[in-house]
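Colleague: Dropping in data_24.txt, which is compact mmCIF, N, CA and C atoms:
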# COMPACT_ATOMS: atom_id res chain seq x y z
N MET A 1 0.85 -1.17 0.00
CA MET A 1 0.00 0.00 0.00
C MET A 1 0.90 1.23 0.00
N GLU A 2 0.51 2.19 -0.80
CA GLU A 2 1.29 3.41 -0.95
C GLU A 2 0.39 4.61 -0.68
N GLU A 3 0.81 5.51 0.21
CA GLU A 3 0.02 6.71 0.48
C GLU A 3 0.34 7.77 -0.57
N LEU A 4 -0.73 8.36 -1.11
CA LEU A 4 -0.59 9.35 -2.17
C LEU A 4 -1.00 10.72 -1.66
N PRO A 5 -0.59 11.79 -2.34
CA PRO A 5 -1.02 13.12 -1.92
C PRO A 5 -2.52 13.29 -2.11
N ALA A 6 -3.10 14.20 -1.36
CA ALA A 6 -4.54 14.47 -1.45
C ALA A 6 -4.87 14.98 -2.85
N PRO A 7 -6.07 14.63 -3.35
CA PRO A 7 -6.47 15.17 -4.65
C PRO A 7 -6.57 16.69 -4.61
N SER A 8 -6.47 17.33 -5.75
CA SER A 8 -6.53 18.79 -5.77
C SER A 8 -7.84 19.28 -5.18
N GLY A 9 -7.76 20.32 -4.38
CA GLY A 9 -8.94 20.89 -3.72
C GLY A 9 -9.26 20.25 -2.39
N ALA A 10 -8.66 19.14 -2.06
CA ALA A 10 -8.92 18.47 -0.79
C ALA A 10 -7.91 18.93 0.25
N HIS A 11 -8.33 18.95 1.49
CA HIS A 11 -7.43 19.31 2.57
C HIS A 11 -6.48 18.14 2.81
N PRO A 12 -5.16 18.35 2.75
CA PRO A 12 -4.21 17.25 2.82
C PRO A 12 -4.23 16.47 4.14
N ARG A 13 -4.71 17.06 5.21
CA ARG A 13 -4.74 16.34 6.49
C ARG A 13 -5.99 15.48 6.65
N THR A 14 -7.05 15.79 5.93
CA THR A 14 -8.28 15.03 6.09
C THR A 14 -8.59 14.13 4.91
N GLU A 15 -8.01 14.39 3.76
CA GLU A 15 -8.27 13.59 2.57
C GLU A 15 -6.99 12.92 2.09
N ARG A 16 -6.66 11.83 2.69
CA ARG A 16 -5.48 11.08 2.26
C ARG A 16 -5.94 9.94 1.36
N TRP A 17 -5.17 9.68 0.35
CA TRP A 17 -5.45 8.60 -0.57
C TRP A 17 -4.36 7.56 -0.44
N SER A 18 -4.73 6.32 -0.57
CA SER A 18 -3.77 5.23 -0.58
C SER A 18 -3.94 4.45 -1.87
N ARG A 19 -2.85 4.03 -2.40
CA ARG A 19 -2.90 3.18 -3.60
C ARG A 19 -2.73 1.74 -3.14
N VAL A 20 -3.66 0.92 -3.50
CA VAL A 20 -3.64 -0.49 -3.11
C VAL A 20 -3.74 -1.33 -4.37
N GLU A 21 -2.87 -2.29 -4.50
CA GLU A 21 -2.93 -3.23 -5.62
C GLU A 21 -3.32 -4.58 -5.07
N LEU A 22 -4.35 -5.17 -5.68
CA LEU A 22 -4.84 -6.47 -5.26
C LEU A 22 -4.77 -7.45 -6.43
N ARG A 23 -4.44 -8.65 -6.14
CA ARG A 23 -4.48 -9.71 -7.14
C ARG A 23 -5.49 -10.73 -6.62
N VAL A 24 -6.60 -10.80 -7.31
CA VAL A 24 -7.67 -11.69 -6.87
C VAL A 24 -8.12 -12.57 -8.04
N GLY A 25 -8.68 -13.70 -7.71
CA GLY A 25 -9.18 -14.62 -8.72
C GLY A 25 -10.46 -14.14 -9.36
N ARG A 26 -11.34 -13.54 -8.55
CA ARG A 26 -12.62 -13.04 -9.04
C ARG A 26 -12.85 -11.64 -8.50
N LEU A 27 -13.38 -10.76 -9.33
CA LEU A 27 -13.57 -9.36 -8.94
C LEU A 27 -14.96 -9.06 -8.40
N VAL A 28 -15.92 -9.94 -8.61
CA VAL A 28 -17.31 -9.62 -8.30
C VAL A 28 -17.50 -9.20 -6.84
N TRP A 29 -16.83 -9.81 -5.91
CA TRP A 29 -16.99 -9.50 -4.48
C TRP A 29 -16.33 -8.18 -4.10
N LEU A 30 -15.34 -7.75 -4.89
CA LEU A 30 -14.57 -6.57 -4.53
C LEU A 30 -15.40 -5.29 -4.59
N SER A 31 -16.39 -5.22 -5.49
CA SER A 31 -17.24 -4.03 -5.56
C SER A 31 -17.99 -3.81 -4.26
N ALA A 32 -18.48 -4.87 -3.64
CA ALA A 32 -19.19 -4.75 -2.36
C ALA A 32 -18.23 -4.33 -1.25
N VAL A 33 -17.03 -4.85 -1.28
CA VAL A 33 -16.03 -4.47 -0.27
C VAL A 33 -15.69 -2.99 -0.39
N LEU A 34 -15.47 -2.52 -1.59
CA LEU A 34 -15.16 -1.10 -1.80
C LEU A 34 -16.32 -0.22 -1.33
N ALA A 35 -17.53 -0.62 -1.65
CA ALA A 35 -18.71 0.16 -1.22
C ALA A 35 -18.82 0.19 0.30
N SER A 36 -18.46 -0.90 0.95
CA SER A 36 -18.58 -0.96 2.41
C SER A 36 -17.57 -0.07 3.13
N LEU A 37 -16.52 0.34 2.44
CA LEU A 37 -15.51 1.20 3.07
C LEU A 37 -16.01 2.61 3.31
N ASP A 38 -17.04 3.02 2.58
CA ASP A 38 -17.61 4.36 2.70
C ASP A 38 -16.55 5.44 2.51
N ARG A 39 -15.69 5.22 1.56
CA ARG A 39 -14.63 6.15 1.19
C ARG A 39 -14.59 6.24 -0.33
N PRO A 40 -14.15 7.36 -0.87
CA PRO A 40 -14.04 7.43 -2.33
C PRO A 40 -12.96 6.48 -2.84
N PHE A 41 -13.16 5.98 -4.03
CA PHE A 41 -12.15 5.11 -4.62
C PHE A 41 -12.18 5.28 -6.13
N ALA A 42 -11.11 4.90 -6.76
CA ALA A 42 -11.00 4.93 -8.21
C ALA A 42 -10.42 3.59 -8.63
N GLU A 43 -10.98 3.00 -9.65
CA GLU A 43 -10.48 1.72 -10.11
C GLU A 43 -9.96 1.86 -11.53
N ARG A 44 -9.00 1.07 -11.86
CA ARG A 44 -8.41 1.12 -13.20
C ARG A 44 -8.95 0.01 -14.08
N SER A 45 -9.52 -0.99 -13.49
CA SER A 45 -9.98 -2.14 -14.24
C SER A 45 -11.38 -1.89 -14.81
N GLY A 46 -11.50 -2.01 -16.11
CA GLY A 46 -12.81 -1.89 -16.73
C GLY A 46 -13.76 -2.96 -16.26
N GLU A 47 -13.25 -4.14 -16.01
CA GLU A 47 -14.09 -5.24 -15.52
C GLU A 47 -14.62 -4.91 -14.12
N LEU A 48 -13.77 -4.42 -13.25
CA LEU A 48 -14.21 -4.04 -11.91
C LEU A 48 -15.20 -2.89 -11.99
N ARG A 49 -14.97 -1.94 -12.85
CA ARG A 49 -15.90 -0.81 -13.02
C ARG A 49 -17.29 -1.33 -13.38
N GLY A 50 -17.36 -2.34 -14.23
CA GLY A 50 -18.64 -2.94 -14.59
C GLY A 50 -19.34 -3.54 -13.39
N PHE A 51 -18.59 -4.22 -12.53
CA PHE A 51 -19.18 -4.80 -11.31
C PHE A 51 -19.65 -3.71 -10.35
N VAL A 52 -18.88 -2.64 -10.23
CA VAL A 52 -19.27 -1.51 -9.37
C VAL A 52 -20.57 -0.88 -9.89
N GLU A 53 -20.64 -0.66 -11.20
CA GLU A 53 -21.85 -0.08 -11.79
C GLU A 53 -23.05 -1.01 -11.61
N ALA A 54 -22.85 -2.31 -11.79
CA ALA A 54 -23.95 -3.27 -11.61
C ALA A 54 -24.43 -3.28 -10.16
N LEU A 55 -23.51 -3.22 -9.21
CA LEU A 55 -23.90 -3.18 -7.80
C LEU A 55 -24.66 -1.91 -7.49
N ALA A 56 -24.19 -0.78 -8.01
CA ALA A 56 -24.89 0.49 -7.79
C ALA A 56 -26.31 0.44 -8.35
N GLU A 57 -26.46 -0.12 -9.53
CA GLU A 57 -27.79 -0.23 -10.15
C GLU A 57 -28.68 -1.16 -9.33
N HIS A 58 -28.13 -2.27 -8.89
CA HIS A 58 -28.90 -3.21 -8.07
C HIS A 58 -29.37 -2.56 -6.77
N LEU A 59 -28.48 -1.87 -6.08
CA LEU A 59 -28.85 -1.22 -4.82
C LEU A 59 -29.88 -0.13 -5.05
N THR A 60 -29.74 0.63 -6.13
CA THR A 60 -30.71 1.68 -6.46
C THR A 60 -32.09 1.07 -6.71
N ASN A 61 -32.13 -0.01 -7.49
CA ASN A 61 -33.41 -0.68 -7.77
C ASN A 61 -34.05 -1.23 -6.50
N CYS A 62 -33.26 -1.81 -5.63
CA CYS A 62 -33.79 -2.34 -4.36
C CYS A 62 -34.35 -1.20 -3.50
N ALA A 63 -33.64 -0.10 -3.44
CA ALA A 63 -34.10 1.03 -2.65
C ALA A 63 -35.40 1.59 -3.21
N ARG A 64 -35.50 1.66 -4.52
CA ARG A 64 -36.73 2.17 -5.15
C ARG A 64 -37.91 1.24 -4.90
N ARG A 65 -37.68 -0.07 -4.98
CA ARG A 65 -38.76 -1.03 -4.70
C ARG A 65 -39.21 -0.93 -3.26
N SER A 66 -38.27 -0.77 -2.34
CA SER A 66 -38.61 -0.64 -0.92
C SER A 66 -39.41 0.63 -0.68
N ALA A 67 -39.01 1.73 -1.32
CA ALA A 67 -39.72 3.00 -1.15
C ALA A 67 -41.12 2.93 -1.72
N ALA A 68 -41.30 2.19 -2.81
CA ALA A 68 -42.61 2.08 -3.45
C ALA A 68 -43.58 1.29 -2.57
N ARG A 69 -43.06 0.37 -1.76
CA ARG A 69 -43.91 -0.45 -0.88
C ARG A 69 -44.37 0.30 0.36
N GLU A 70 -43.71 1.38 0.68
CA GLU A 70 -44.05 2.13 1.91
C GLU A 70 -45.30 2.93 1.75
Would you mind writing the file's structure down as structure tokens?

Modeller:
Amino acid sequence: MEELPAPSGAHPRTERWSRVELRVGRLVWLSAVLASLDRPFAERSGELRGFVEALAEHLTNCARRSAARE
């Protein structure tokens, strides 16, 4: 893990970024792990980006269905 400088416009003491490289067999679970961190993240893998987008869409649809039932 490598600590990176804060993104432009962010306060360097409160917005620290770390670079983490993972080697995993399957990426599907990683989108949920990243979401659970409740921190901003950026991914370089197009495949992982697809899983993140699919998870976001799934959660949005579930939230909308729950709201419609209320």

Colleague: Neighbouring residues of Phe51 (chain A) were defined as those with any atom within 12 Å, considering only C-alpha atoms; residues of the same chain fewer than 4 positions away were excluded. Please report them as a list in words.

Modeller: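 Neighbouring residues, sequence-local ones excluded: Arg26, Leu27, Val28, Trp29, Leu30, Ser31, Ala32, Val33, Leu34, Ala35, Glu43, Ser45, Gly46, Glu47, Leu55, Ala56, Glu57 and His58 of chain A.
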
Colleague: Do you have the CA of Arg65 (chain A)-CA of Val52 (chain A) distance handy?

Modeller: 20.0 Å

Colleague: Enter the distance from atom C of Phe41 (chain A) to CA of Arg19 (chain A), in Å, rounded to one decimal.

Modeller: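 Spanning atom C of Phe41 (chain A) to CA of Arg19 (chain A) is a straight-line distance of 9.8 Å.
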
Colleague: May I ask for the distance between CA of Asn61 (chain A) and CA of Arg44 (chain A), given in Å to one decimal place?

Modeller: 25.6 Å

Colleague: Where's the centre, and what are the edge lengths in Å to one decimal, of a box along x, y and z enclosing all listed atoms of region 40-54 of chain A padded 6 Å per side, as JSON?

Modeller:
{"center_x": -16.4, "center_y": 1.1, "center_z": -8.8, "size_x": 28.0, "size_y": 24.7, "size_z": 27.9}
